[in-house]
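model-v2.cif (mmCIF, C-alpha atoms)
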```cif
data_target
loop_
_atom_site.label_atom_id
_atom_site.label_comp_id
_atom_site.auth_asym_id
_atom_site.auth_seq_id
_atom_site.Cartn_x
_atom_site.Cartn_y
_atom_site.Cartn_z
CA MET A 15 158.89 144.64 87.89
CA ARG A 16 155.52 146.18 87.17
CA PHE A 17 155.02 149.69 85.93
CA TRP A 18 152.03 151.72 86.91
CA PHE A 19 150.90 152.18 83.30
CA PHE A 20 150.73 148.41 82.80
CA ARG A 21 148.46 147.98 85.75
CA ARG A 22 144.89 147.37 84.85
CA LYS A 23 142.55 149.86 86.45
CA LYS A 24 140.92 148.26 89.48
CA LYS A 25 137.14 148.07 89.32
CA GLY A 26 135.54 150.26 91.97
CA SER A 27 133.82 148.44 94.81
CA ARG A 28 130.77 150.73 94.60
CA GLU A 29 129.05 148.47 92.06
CA ASP A 30 129.46 145.46 94.37
CA ALA A 31 128.13 147.52 97.28
CA LYS A 32 125.14 148.64 95.19
CA LYS A 33 124.25 145.07 94.23
CA ARG A 34 124.60 143.85 97.80
CA LEU A 35 122.61 146.81 99.11
CA ASN A 36 119.74 146.06 96.75
CA THR A 37 119.70 142.41 97.81
CA MET A 38 119.89 143.29 101.49
CA ILE A 39 117.19 145.94 101.35
CA SER A 40 114.90 143.84 99.17
CA THR A 41 114.97 140.99 101.68
CA THR A 42 114.61 143.05 104.84
CA ARG A 43 112.58 145.67 103.03
CA ARG A 44 110.58 147.86 105.29
CA GLU A 45 107.39 147.36 103.28
CA SER A 46 106.95 144.20 105.31
CA LEU A 47 106.84 146.36 108.42
CA SER A 48 104.95 149.33 107.11
CA MET A 49 101.28 149.06 108.03
CA GLN A 50 100.34 152.72 107.90
CA ASN A 51 98.63 152.41 104.52
CA MET A 52 96.73 149.34 105.65
CA VAL A 53 95.10 150.88 108.70
CA ILE A 54 91.29 150.84 108.54
CA PRO A 55 89.32 153.16 110.87
CA LYS A 56 87.93 151.36 113.90
CA GLU A 57 84.35 152.48 113.15
CA GLU A 58 84.60 150.87 109.74
CA PHE A 59 85.62 147.63 111.40
CA GLU A 60 82.88 147.77 114.01
CA LYS A 61 80.25 148.24 111.27
CA ASN A 62 81.44 145.19 109.39
CA SER A 63 82.82 142.94 112.11
CA GLU A 64 80.23 140.19 111.64
CA VAL A 65 80.70 140.16 107.86
CA ILE A 66 84.49 139.96 108.34
CA LYS A 67 84.04 137.03 110.75
CA GLU A 68 81.74 135.26 108.31
CA ARG A 69 84.03 135.81 105.28
CA ILE A 70 87.15 134.59 107.11
CA ALA A 71 85.31 131.49 108.38
CA SER A 72 84.02 130.71 104.86
CA TRP A 73 87.45 131.18 103.26
CA VAL A 74 89.20 128.99 105.85
CA SER A 75 86.48 126.35 105.58
CA GLU A 76 86.83 126.18 101.78
CA THR A 77 90.62 126.43 101.66
CA PHE A 78 91.31 123.77 104.29
CA ASN A 79 88.26 121.70 103.60
CA VAL A 80 86.96 121.80 107.16
CA ASP A 81 83.51 122.26 108.49
CA LYS A 82 82.63 125.89 109.12
CA SER A 83 81.64 125.05 112.70
CA LYS A 84 85.25 124.09 113.41
CA VAL A 85 86.55 127.53 112.44
CA LYS A 86 86.54 129.99 115.30
CA VAL A 87 87.17 133.67 114.54
CA GLU A 88 87.72 136.10 117.41
CA PHE A 89 88.66 139.76 117.72
CA GLU A 90 90.96 141.15 120.33
CA GLU A 91 92.04 144.72 120.96
CA ARG A 92 95.74 145.16 121.73
CA GLU A 93 97.55 148.49 122.02
CA GLY A 94 94.88 150.27 120.02
CA HIS A 95 94.81 147.71 117.21
CA ILE A 96 92.23 145.03 116.49
CA ILE A 97 93.80 141.61 116.09
CA ILE A 98 91.86 138.86 114.31
CA ILE A 99 92.54 135.40 115.71
CA THR A 100 91.39 132.42 113.70
CA ASN A 101 91.41 128.92 115.17
CA VAL A 102 90.89 125.86 112.99
CA LEU A 103 90.27 122.63 114.84
CA PHE A 104 91.88 119.77 112.92
CA HIS A 105 91.72 116.20 114.16
CA MET B 75 115.28 182.37 132.26
CA PHE B 76 112.39 180.92 130.30
CA HIS B 77 109.73 182.98 128.64
CA GLU B 78 106.37 182.03 127.24
CA ARG B 79 106.56 182.28 123.43
CA GLY B 80 103.03 183.43 122.75
CA GLY B 81 101.50 179.98 122.32
CA LEU B 82 104.18 178.81 119.89
CA VAL B 83 105.48 175.32 120.44
CA ALA B 84 108.85 173.82 119.59
CA ARG B 85 109.58 171.67 116.61
CA VAL B 86 110.62 168.31 118.07
CA ILE B 87 113.22 166.39 116.08
CA VAL B 88 114.78 163.02 116.88
CA VAL B 89 118.22 162.12 115.54
CA THR B 90 118.40 158.37 115.11
CA SER B 91 120.18 155.68 113.07
CA GLY B 92 119.85 152.10 114.23
CA LYS B 93 123.56 151.43 114.00
CA GLY B 94 125.88 152.87 116.60
CA GLY B 95 128.89 155.03 115.82
CA VAL B 96 127.52 156.72 112.70
CA GLY B 97 127.56 160.21 114.21
CA LYS B 98 124.13 160.79 115.79
CA THR B 99 125.54 162.68 118.76
CA THR B 100 127.84 164.78 116.56
CA VAL B 101 124.91 165.66 114.31
CA THR B 102 122.67 166.49 117.29
CA ALA B 103 125.27 168.74 118.92
CA ASN B 104 126.28 170.54 115.75
CA LEU B 105 122.80 170.98 114.38
CA GLY B 106 121.67 172.33 117.75
CA CYS B 107 124.59 174.76 117.86
CA THR B 108 123.97 175.90 114.28
CA LEU B 109 120.28 176.58 114.92
CA ALA B 110 121.21 178.44 118.11
CA LYS B 111 123.80 180.47 116.16
CA MET B 112 121.01 181.37 113.76
CA GLY B 113 119.03 182.81 116.66
CA GLU B 114 116.71 179.89 117.46
CA LYS B 115 116.20 178.81 121.05
CA VAL B 116 117.26 175.17 121.24
CA ALA B 117 117.02 172.37 123.80
CA LEU B 118 119.01 169.19 123.27
CA ILE B 119 117.88 166.06 125.10
CA ASP B 120 120.25 163.14 125.46
CA ALA B 121 118.05 160.04 125.40
CA ASP B 122 121.01 157.67 125.37
CA ILE B 123 120.58 156.69 129.01
CA GLY B 124 123.49 154.69 130.38
CA LEU B 125 125.81 155.60 127.51
CA LYS B 126 125.44 159.38 127.43
CA ASN B 127 127.84 161.40 125.27
CA LEU B 128 126.12 164.60 124.25
CA ASP B 129 127.41 166.52 127.28
CA VAL B 130 130.97 165.44 126.39
CA VAL B 131 130.69 166.57 122.77
CA LEU B 132 129.32 169.92 123.96
CA GLY B 133 132.00 170.28 126.63
CA LEU B 134 129.37 170.48 129.38
CA GLU B 135 130.17 167.28 131.26
CA ASN B 136 131.31 169.13 134.41
CA ARG B 137 128.20 171.26 134.60
CA ILE B 138 125.58 168.53 134.90
CA VAL B 139 123.67 168.63 138.18
CA TYR B 140 120.39 166.93 137.29
CA THR B 141 119.73 164.40 134.55
CA LEU B 142 116.78 163.20 132.51
CA LEU B 143 116.14 160.51 135.12
CA ASP B 144 115.95 163.10 137.90
CA VAL B 145 113.26 164.89 135.90
CA VAL B 146 111.33 161.71 135.14
CA GLN B 147 111.46 160.60 138.78
CA GLY B 148 110.35 164.02 140.01
CA ARG B 149 113.56 165.10 141.75
CA ALA B 150 113.94 168.13 139.48
CA LYS B 151 111.83 170.19 137.12
CA PRO B 152 112.85 170.07 133.44
CA GLN B 153 113.83 173.76 133.54
CA GLU B 154 116.07 173.10 136.58
CA ALA B 155 117.83 170.22 134.89
CA LEU B 156 118.69 172.11 131.71
CA VAL B 157 122.29 173.27 131.42
CA ARG B 158 122.99 176.40 129.40
CA HIS B 159 125.77 176.23 126.82
CA LYS B 160 128.95 178.15 127.63
CA ILE B 161 129.11 180.08 124.35
CA LEU B 162 125.62 179.87 122.87
CA ARG B 163 123.38 181.36 125.52
CA ASN B 164 120.18 180.28 123.77
CA MET B 165 121.09 176.57 123.73
CA TYR B 166 120.42 174.17 126.59
CA LEU B 167 121.15 170.53 127.30
CA LEU B 168 119.22 167.99 129.30
CA ALA B 169 121.80 165.30 129.96
CA ALA B 170 121.17 161.59 130.34
CA SER B 171 122.11 159.65 133.42
CA GLN B 172 125.03 157.27 133.23
CA ILE B 173 123.96 155.05 136.08
CA ALA B 174 120.38 154.47 134.94
CA THR B 175 119.02 152.06 132.34
CA LYS B 176 116.78 152.83 129.39
CA GLU B 177 113.96 150.84 130.98
CA MET B 178 113.75 153.39 133.81
CA VAL B 179 112.20 155.89 131.36
CA SER B 180 109.07 155.27 129.31
CA PRO B 181 107.83 156.79 126.02
CA GLU B 182 105.07 158.44 128.08
CA ASP B 183 107.68 160.07 130.37
CA MET B 184 109.42 161.50 127.30
CA LYS B 185 106.16 162.85 125.90
CA ASN B 186 105.39 164.56 129.22
CA LEU B 187 108.87 166.01 129.42
CA VAL B 188 108.68 167.48 125.91
CA LYS B 189 105.23 168.86 126.64
CA GLU B 190 106.67 170.79 129.57
CA LEU B 191 109.48 172.23 127.47
CA GLU B 192 107.82 172.83 124.10
CA ARG B 193 106.56 176.31 124.88
CA ASP B 194 110.00 177.53 125.95
CA PHE B 195 111.91 176.55 122.81
CA ASP B 196 111.92 176.85 119.02
CA TYR B 197 113.60 173.46 118.57
CA ILE B 198 113.90 170.41 120.79
CA ILE B 199 116.39 167.90 119.39
CA ILE B 200 116.54 164.42 120.90
CA ASP B 201 119.67 162.29 120.56
CA SER B 202 118.49 158.70 120.25
CA PRO B 203 120.55 155.72 121.39
CA ALA B 204 121.62 153.08 118.88
CA GLY B 205 119.37 150.05 118.51
CA ILE B 206 115.65 149.64 118.14
CA GLU B 207 114.63 148.76 121.66
CA ARG B 208 113.19 150.80 124.54
CA GLY B 209 115.70 153.67 124.29
CA PHE B 210 114.82 154.17 120.63
CA ARG B 211 111.09 154.16 121.39
CA ASN B 212 111.64 156.66 124.22
CA ALA B 213 113.51 159.02 121.91
CA VAL B 214 111.10 158.73 119.01
CA SER B 215 107.77 158.96 120.85
CA PRO B 216 107.58 162.75 121.37
CA ALA B 217 109.12 163.69 117.99
CA GLN B 218 107.34 165.12 114.93
CA MET B 219 110.33 164.67 112.66
CA ALA B 220 113.15 162.15 112.43
CA LEU B 221 116.62 162.65 111.02
CA VAL B 222 118.09 159.24 110.18
CA VAL B 223 121.88 159.37 110.17
CA THR B 224 123.77 156.82 108.10
CA THR B 225 127.25 156.44 106.70
CA PRO B 226 127.77 155.21 103.11
CA GLU B 227 128.45 151.67 104.34
CA LEU B 228 126.20 148.65 103.97
CA PRO B 229 125.65 147.79 107.66
CA ALA B 230 124.69 151.39 108.47
CA ILE B 231 122.32 151.66 105.49
CA SER B 232 120.71 148.31 106.24
CA ASP B 233 120.09 149.37 109.86
CA ALA B 234 118.78 152.74 108.67
CA ASP B 235 116.26 150.89 106.48
CA ARG B 236 115.05 148.90 109.47
CA VAL B 237 114.73 152.05 111.56
CA ILE B 238 112.80 153.84 108.80
CA GLY B 239 110.35 150.91 108.76
CA LEU B 240 109.86 151.25 112.51
CA LEU B 241 109.44 155.03 112.25
CA GLU B 242 106.72 154.49 109.63
CA ASN B 243 104.99 152.12 112.00
CA PHE B 244 105.13 154.83 114.66
CA GLY B 245 103.22 157.11 112.30
CA PHE B 246 106.00 159.11 110.63
CA ASP B 247 105.33 159.73 106.95
CA ASP B 248 107.91 160.19 104.17
CA GLU B 249 107.85 163.96 104.65
CA SER B 250 108.77 163.73 108.31
CA ILE B 251 111.74 161.39 107.88
CA LYS B 252 114.92 162.80 106.31
CA LEU B 253 118.31 161.22 105.72
CA ILE B 254 121.69 162.61 106.72
CA ILE B 255 124.64 160.87 105.09
CA ASN B 256 127.67 161.25 107.32
CA ARG B 257 131.39 160.66 106.76
CA VAL B 258 131.24 160.88 103.00
CA LYS B 259 134.62 160.76 101.25
CA PRO B 260 134.36 162.57 97.88
CA LYS B 261 137.67 161.07 96.73
CA MET B 262 136.36 157.53 97.25
CA ILE B 263 133.15 158.40 95.41
CA LYS B 264 135.22 159.72 92.50
CA SER B 265 137.28 156.54 92.39
CA GLY B 266 134.10 154.43 92.46
CA ASP B 267 134.73 152.95 95.89
CA MET B 268 131.93 154.54 97.88
CA LEU B 269 128.16 154.55 97.50
CA THR B 270 126.85 157.90 96.31
CA LYS B 271 124.05 160.04 97.70
CA ASP B 272 121.76 158.80 94.92
CA ASP B 273 122.57 155.14 95.59
CA ILE B 274 121.54 155.58 99.23
CA LYS B 275 118.56 157.77 98.43
CA ASN B 276 117.25 155.24 95.90
CA ALA B 277 117.75 152.32 98.26
CA LEU B 278 116.03 153.98 101.20
CA ALA B 279 113.46 155.91 99.13
CA LEU B 280 113.70 159.04 101.25
CA ASP B 281 114.94 162.60 100.79
CA VAL B 282 118.46 163.47 101.85
CA ILE B 283 118.63 166.65 103.94
CA GLY B 284 122.40 166.74 104.34
CA ILE B 285 125.68 165.19 103.28
CA ILE B 286 128.48 165.59 105.79
CA PRO B 287 131.98 165.06 104.44
CA ASP B 288 134.38 162.99 106.53
CA SER B 289 136.58 165.33 108.52
CA GLU B 290 139.35 165.11 111.10
CA ASP B 291 138.04 168.39 112.46
CA VAL B 292 135.23 166.48 114.24
CA ILE B 293 137.75 164.51 116.33
CA ILE B 294 139.76 167.65 117.08
CA ALA B 295 136.63 169.56 118.09
CA THR B 296 135.43 166.70 120.32
CA ASN B 297 138.85 166.59 122.01
CA LYS B 298 138.42 170.27 122.85
CA GLY B 299 134.78 169.93 123.91
CA VAL B 300 133.77 172.50 121.31
CA PRO B 301 131.27 171.41 118.64
CA VAL B 302 132.88 171.55 115.22
CA VAL B 303 130.56 174.33 114.03
CA LEU B 304 131.96 176.63 116.74
CA ASP B 305 135.54 175.80 115.82
CA GLY B 306 135.71 177.90 112.66
CA VAL B 307 136.13 175.03 110.20
CA PRO B 308 134.53 174.60 106.72
CA LEU B 309 132.27 171.81 108.01
CA ALA B 310 130.23 174.50 109.77
CA ALA B 311 128.83 175.50 106.37
CA THR B 312 127.43 171.98 105.86
CA PHE B 313 125.53 172.18 109.14
CA GLU B 314 124.32 175.67 108.22
CA ASN B 315 122.90 174.21 105.01
CA ILE B 316 121.14 171.43 106.94
CA ALA B 317 119.72 173.93 109.44
CA LYS B 318 118.47 176.18 106.63
CA ARG B 319 116.84 173.20 104.89
CA LEU B 320 115.10 172.39 108.18
CA GLN B 321 113.81 175.95 108.20
CA GLY B 322 112.42 175.43 104.71
CA GLU B 323 115.14 176.91 102.48
CA MET B 324 115.76 175.10 99.20
CA ILE B 325 119.50 174.46 99.03
CA PRO B 326 120.64 171.56 96.83
CA VAL B 327 122.34 168.87 98.95
CA GLU B 328 125.18 168.69 96.43
CA GLU B 329 126.31 172.05 97.88
CA ASP B 330 127.39 170.21 101.04
CA LEU B 331 130.13 168.31 99.24
CA LYS B 332 131.37 171.37 97.38
CA ILE B 333 132.38 172.80 100.74
CA SER B 334 134.97 170.07 101.29
CA GLU B 335 136.06 170.05 97.65
CA SER B 336 136.54 173.81 97.53
CA ARG B 337 139.52 173.72 99.84
CA GLY B 338 142.28 175.24 97.80
CA PHE B 339 145.91 176.02 98.46
CA LEU B 340 144.98 179.19 100.33
CA ASP B 341 142.72 177.22 102.66
CA PHE B 342 145.50 174.74 103.18
CA LEU B 343 147.90 177.52 104.23
CA LYS B 344 145.24 179.14 106.42
CA ARG B 345 144.57 175.85 108.17
CA LEU B 346 148.25 175.06 108.53
CA PHE B 347 149.12 178.37 110.17
CA GLY B 348 145.82 178.57 112.02
CA ARG B 349 146.47 175.20 113.64
CA ARG B 350 150.03 176.11 114.68
CA GLY B 351 148.71 179.12 116.53
CA ASP B 352 146.08 177.07 118.36
CA LYS B 353 146.78 175.84 121.85
CA ARG B 354 145.58 172.29 122.06
#
```

What is this structure when it is put down as structure tokens?
Amino acid sequence: MRFWFFRRKKKGSREDAKKRLNTMISTTRRESLSMQNMVIPKEEFEKNSEVIKERIASWVSETFNVDKSKVKVEFEEREGHIIIITNVLFH
Amino acid sequence: MFHERGGLVARVIVVTSGKGGVGKTTVTANLGCTLAKMGEKVALIDADIGLKNLDVVLGLENRIVYTLLDVVQGRAKPQEALVRHKILRNMYLLAASQIATKEMVSPEDMKNLVKELERDFDYIIIDSPAGIERGFRNAVSPAQMALVVTTPELPAISDADRVIGLLENFGFDDESIKLIINRVKPKMIKSGDMLTKDDIKNALALDVIGIIPDSEDVIIATNKGVPVVLDGVPLAATFENIAKRLQGEMIPVEEDLKISESRGFLDFLKRLFGRRGDKR
């Protein structure tokens, strides 16, 4: 027979929930989705589009050790956003 | 019926959550009723097409003639489709259609609809469907402010986090997204078995605009088709606090839980005898 005063107080499940919540939120964290702070005005992009193209091509060429002529950088406008597409032609 | 309000436009609020069953519709109905009780002119829009509930919670299900889809497809004007509340004469509902699908309405349709109504009302509150697909985008697109409803449970908080991310991508900033924590059980918090307001606030990094204690009164009120705030129960004070915070008053959110804790023996007797006298 067990008396109530012998029973060890059960640890609350809140601490477990907190730990799990932090893990869950840190993996699916919305920072990965939030782009608001990253948005650059379109005019800014248009002014520098050629420089951006050139820089991306140089970086890809150096990083992957491919000839710059095999790196193709294109811009596309989709739903009001500019998307940069970079193709690297490996053999 | 509708009067021009001297160039003023409505504040458009979406009530959303991600997860279903956390109390979005209850919050929409009761917040709308509370604002109307406070003298504001309110329109509630049920954007949960196919699974509409707002009319049921408000007890207006038998009065619906036209739905949101009828308005979008040009069969009725928004003002014709609005149903006036039975008790609160300055609150209206635009019901969703049960036979339509969410894809039959676009975010652009919703924006146009709100544009037509915004000069007639002080507040337009949109009840969003669960999920993050088309229905969610429809509900969110015309809104300036989002109330994210969650319960203190992990799946609901995780979904709320996802929804907050999407809202931020839609252009909402931290100031225009507020949290409502629903179905809080103070006893479980005291015993260390429920996440607290601060736990949730810290995890989601947003301000809490209301804490709604868990209450059987919500089920009873829904059974009667009378929103809980019109049923003379203590929970009404929580919604009044939320409405006042929306209007800019600074009331600490902790006050919301005191309402449920303050129930003493006298309240118990009042409720006991009050209930007996009620015809249900």

Selection near region 212-215 of chain B, 12 Å with all atoms listed in the file, sequence-local residues under 3 positions removed, as a VMD selection string: chain B and resid 86 to 92 118 to 123 142 170 175 to 189 198 to 209 218 to 222 237 to 238 240 to 246 251

Counting all atoms listed in the file, give me one row per residue of chain B with an atom at most 10 Å from an atom of chain A, showing the shortest contact pair and its distance in Å to one decimal, sorted by chain then residue number, as JSON lines.
```
{"residue": "B:Pro226", "atom": "CA", "partner": "A:Ala31", "partner_atom": "CA", "distance": 9.7}
{"residue": "B:Glu227", "atom": "CA", "partner": "A:Ala31", "partner_atom": "CA", "distance": 8.2}
{"residue": "B:Leu228", "atom": "CA", "partner": "A:Leu35", "partner_atom": "CA", "distance": 6.3}
{"residue": "B:Pro229", "atom": "CA", "partner": "A:Leu35", "partner_atom": "CA", "distance": 9.1}
{"residue": "B:Ile231", "atom": "CA", "partner": "A:Leu35", "partner_atom": "CA", "distance": 8.0}
{"residue": "B:Ser232", "atom": "CA", "partner": "A:Ile39", "partner_atom": "CA", "distance": 6.5}
{"residue": "B:Asp233", "atom": "CA", "partner": "A:Ile39", "partner_atom": "CA", "distance": 9.6}
{"residue": "B:Asp235", "atom": "CA", "partner": "A:Arg44", "partner_atom": "CA", "distance": 6.5}
{"residue": "B:Arg236", "atom": "CA", "partner": "A:Arg44", "partner_atom": "CA", "distance": 6.2}
{"residue": "B:Val237", "atom": "CA", "partner": "A:Arg44", "partner_atom": "CA", "distance": 8.6}
{"residue": "B:Ile238", "atom": "CA", "partner": "A:Arg44", "partner_atom": "CA", "distance": 7.3}
{"residue": "B:Gly239", "atom": "CA", "partner": "A:Arg44", "partner_atom": "CA", "distance": 4.6}
{"residue": "B:Leu240", "atom": "CA", "partner": "A:Leu47", "partner_atom": "CA", "distance": 7.1}
{"residue": "B:Leu241", "atom": "CA", "partner": "A:Ser48", "partner_atom": "CA", "distance": 8.9}
{"residue": "B:Glu242", "atom": "CA", "partner": "A:Ser48", "partner_atom": "CA", "distance": 6.0}
{"residue": "B:Asn243", "atom": "CA", "partner": "A:Ser48", "partner_atom": "CA", "distance": 5.6}
{"residue": "B:Phe244", "atom": "CA", "partner": "A:Gln50", "partner_atom": "CA", "distance": 8.5}
{"residue": "B:Gly245", "atom": "CA", "partner": "A:Gln50", "partner_atom": "CA", "distance": 6.9}
{"residue": "B:Phe246", "atom": "CA", "partner": "A:Gln50", "partner_atom": "CA", "distance": 9.0}
{"residue": "B:Asp247", "atom": "CA", "partner": "A:Gln50", "partner_atom": "CA", "distance": 8.7}
{"residue": "B:Met262", "atom": "CA", "partner": "A:Gly26", "partner_atom": "CA", "distance": 9.0}
{"residue": "B:Ile263", "atom": "CA", "partner": "A:Arg28", "partner_atom": "CA", "distance": 8.1}
{"residue": "B:Lys264", "atom": "CA", "partner": "A:Gly26", "partner_atom": "CA", "distance": 9.5}
{"residue": "B:Ser265", "atom": "CA", "partner": "A:Gly26", "partner_atom": "CA", "distance": 6.5}
{"residue": "B:Gly266", "atom": "CA", "partner": "A:Gly26", "partner_atom": "CA", "distance": 4.4}
{"residue": "B:Asp267", "atom": "CA", "partner": "A:Arg28", "partner_atom": "CA", "distance": 4.7}
{"residue": "B:Met268", "atom": "CA", "partner": "A:Arg28", "partner_atom": "CA", "distance": 5.2}
{"residue": "B:Leu269", "atom": "CA", "partner": "A:Arg28", "partner_atom": "CA", "distance": 5.5}
{"residue": "B:Thr270", "atom": "CA", "partner": "A:Arg28", "partner_atom": "CA", "distance": 8.3}
{"residue": "B:Asp273", "atom": "CA", "partner": "A:Lys32", "partner_atom": "CA", "distance": 7.0}
{"residue": "B:Ile274", "atom": "CA", "partner": "A:Lys32", "partner_atom": "CA", "distance": 8.8}
{"residue": "B:Asn276", "atom": "CA", "partner": "A:Asn36", "partner_atom": "CA", "distance": 9.5}
{"residue": "B:Ala277", "atom": "CA", "partner": "A:Asn36", "partner_atom": "CA", "distance": 6.7}
{"residue": "B:Leu278", "atom": "CA", "partner": "A:Ile39", "partner_atom": "CA", "distance": 8.1}
```

Keeping only C-alpha atoms, write those residues as a PDB file, in the coordinates of the input.
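Contents of out35.pdb, as written:
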```pdb
ATOM      1  CA  PRO B 226     127.770 155.210 103.110  1.00  0.00           C
ATOM      2  CA  GLU B 227     128.450 151.670 104.340  1.00  0.00           C
ATOM      3  CA  LEU B 228     126.200 148.650 103.970  1.00  0.00           C
ATOM      4  CA  PRO B 229     125.650 147.790 107.660  1.00  0.00           C
ATOM      5  CA  ILE B 231     122.320 151.660 105.490  1.00  0.00           C
ATOM      6  CA  SER B 232     120.710 148.310 106.240  1.00  0.00           C
ATOM      7  CA  ASP B 233     120.090 149.370 109.860  1.00  0.00           C
ATOM      8  CA  ASP B 235     116.260 150.890 106.480  1.00  0.00           C
ATOM      9  CA  ARG B 236     115.050 148.900 109.470  1.00  0.00           C
ATOM     10  CA  VAL B 237     114.730 152.050 111.560  1.00  0.00           C
ATOM     11  CA  ILE B 238     112.800 153.840 108.800  1.00  0.00           C
ATOM     12  CA  GLY B 239     110.350 150.910 108.760  1.00  0.00           C
ATOM     13  CA  LEU B 240     109.860 151.250 112.510  1.00  0.00           C
ATOM     14  CA  LEU B 241     109.440 155.030 112.250  1.00  0.00           C
ATOM     15  CA  GLU B 242     106.720 154.490 109.630  1.00  0.00           C
ATOM     16  CA  ASN B 243     104.990 152.120 112.000  1.00  0.00           C
ATOM     17  CA  PHE B 244     105.130 154.830 114.660  1.00  0.00           C
ATOM     18  CA  GLY B 245     103.220 157.110 112.300  1.00  0.00           C
ATOM     19  CA  PHE B 246     106.000 159.110 110.630  1.00  0.00           C
ATOM     20  CA  ASP B 247     105.330 159.730 106.950  1.00  0.00           C
ATOM     21  CA  MET B 262     136.360 157.530  97.250  1.00  0.00           C
ATOM     22  CA  ILE B 263     133.150 158.400  95.410  1.00  0.00           C
ATOM     23  CA  LYS B 264     135.220 159.720  92.500  1.00  0.00           C
ATOM     24  CA  SER B 265     137.280 156.540  92.390  1.00  0.00           C
ATOM     25  CA  GLY B 266     134.100 154.430  92.460  1.00  0.00           C
ATOM     26  CA  ASP B 267     134.730 152.950  95.890  1.00  0.00           C
ATOM     27  CA  MET B 268     131.930 154.540  97.880  1.00  0.00           C
ATOM     28  CA  LEU B 269     128.160 154.550  97.500  1.00  0.00           C
ATOM     29  CA  THR B 270     126.850 157.900  96.310  1.00  0.00           C
ATOM     30  CA  ASP B 273     122.570 155.140  95.590  1.00  0.00           C
ATOM     31  CA  ILE B 274     121.540 155.580  99.230  1.00  0.00           C
ATOM     32  CA  ASN B 276     117.250 155.240  95.900  1.00  0.00           C
ATOM     33  CA  ALA B 277     117.750 152.320  98.260  1.00  0.00           C
ATOM     34  CA  LEU B 278     116.030 153.980 101.200  1.00  0.00           C
TER      35      LEU B 278
END
```

For a test of reading the model, state the distance in Å between CA of Val83 (chain B) and CA of Gly97 (chain B), rounded to one decimal. 27.5 Å

Counting all atoms listed in the file, which residues come within 12 Å of (90.4, 122.0, 115.5), with the point read in the file's coordinates, and could you list them as JSON, numbers by chain? {"A": [74, 75, 78, 80, 81, 82, 83, 84, 85, 86, 100, 101, 102, 103, 104, 105]}

As an exercise, work out the distance from CA of Lys151 (chain B) to CA of Lys98 (chain B) in Å and give it to one decimal place. 26.4 Å

What does the structure give for the distance between CA of Asp129 (chain B) and CA of Ala169 (chain B), in Å to one decimal? 6.3 Å

Evaluate the PyMOL selection byres ((chain A and resi 88) around 6) on the structure here and hand back the selected residues as a CSV table (one decimal) with C-alpha atoms, keeping the file's coordinate frame.
```csv
chain,number,residue,atom,x,y,z
A,87,VAL,CA,87.2,133.7,114.5
A,89,PHE,CA,88.7,139.8,117.7
A,98,ILE,CA,91.9,138.9,114.3
A,99,ILE,CA,92.5,135.4,115.7
```

Translate the PyMOL selection byres ((chain A and resi 63) around 12) into a concrete residue list for this structure, as a list in words.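 On the file shown, the PyMOL selection byres ((chain A and resi 63) around 12) covers Lys56, Glu57, Glu58, Phe59, Glu60, Lys61, Asn62, Glu64, Val65, Ile66, Lys67, Glu68, Arg69, Ile70, Val87, Glu88, Phe89, Glu90, Ile96, Ile97 and Ile98 of chain A.
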
I want to know what sits within 9 Å of Leu134 (chain B), based on all atoms listed in the file, with residues of the same chain fewer than 2 positions away left out; could you give that as a ChimeraX atom specification? /B:128-132,136-138,157-160,167,299
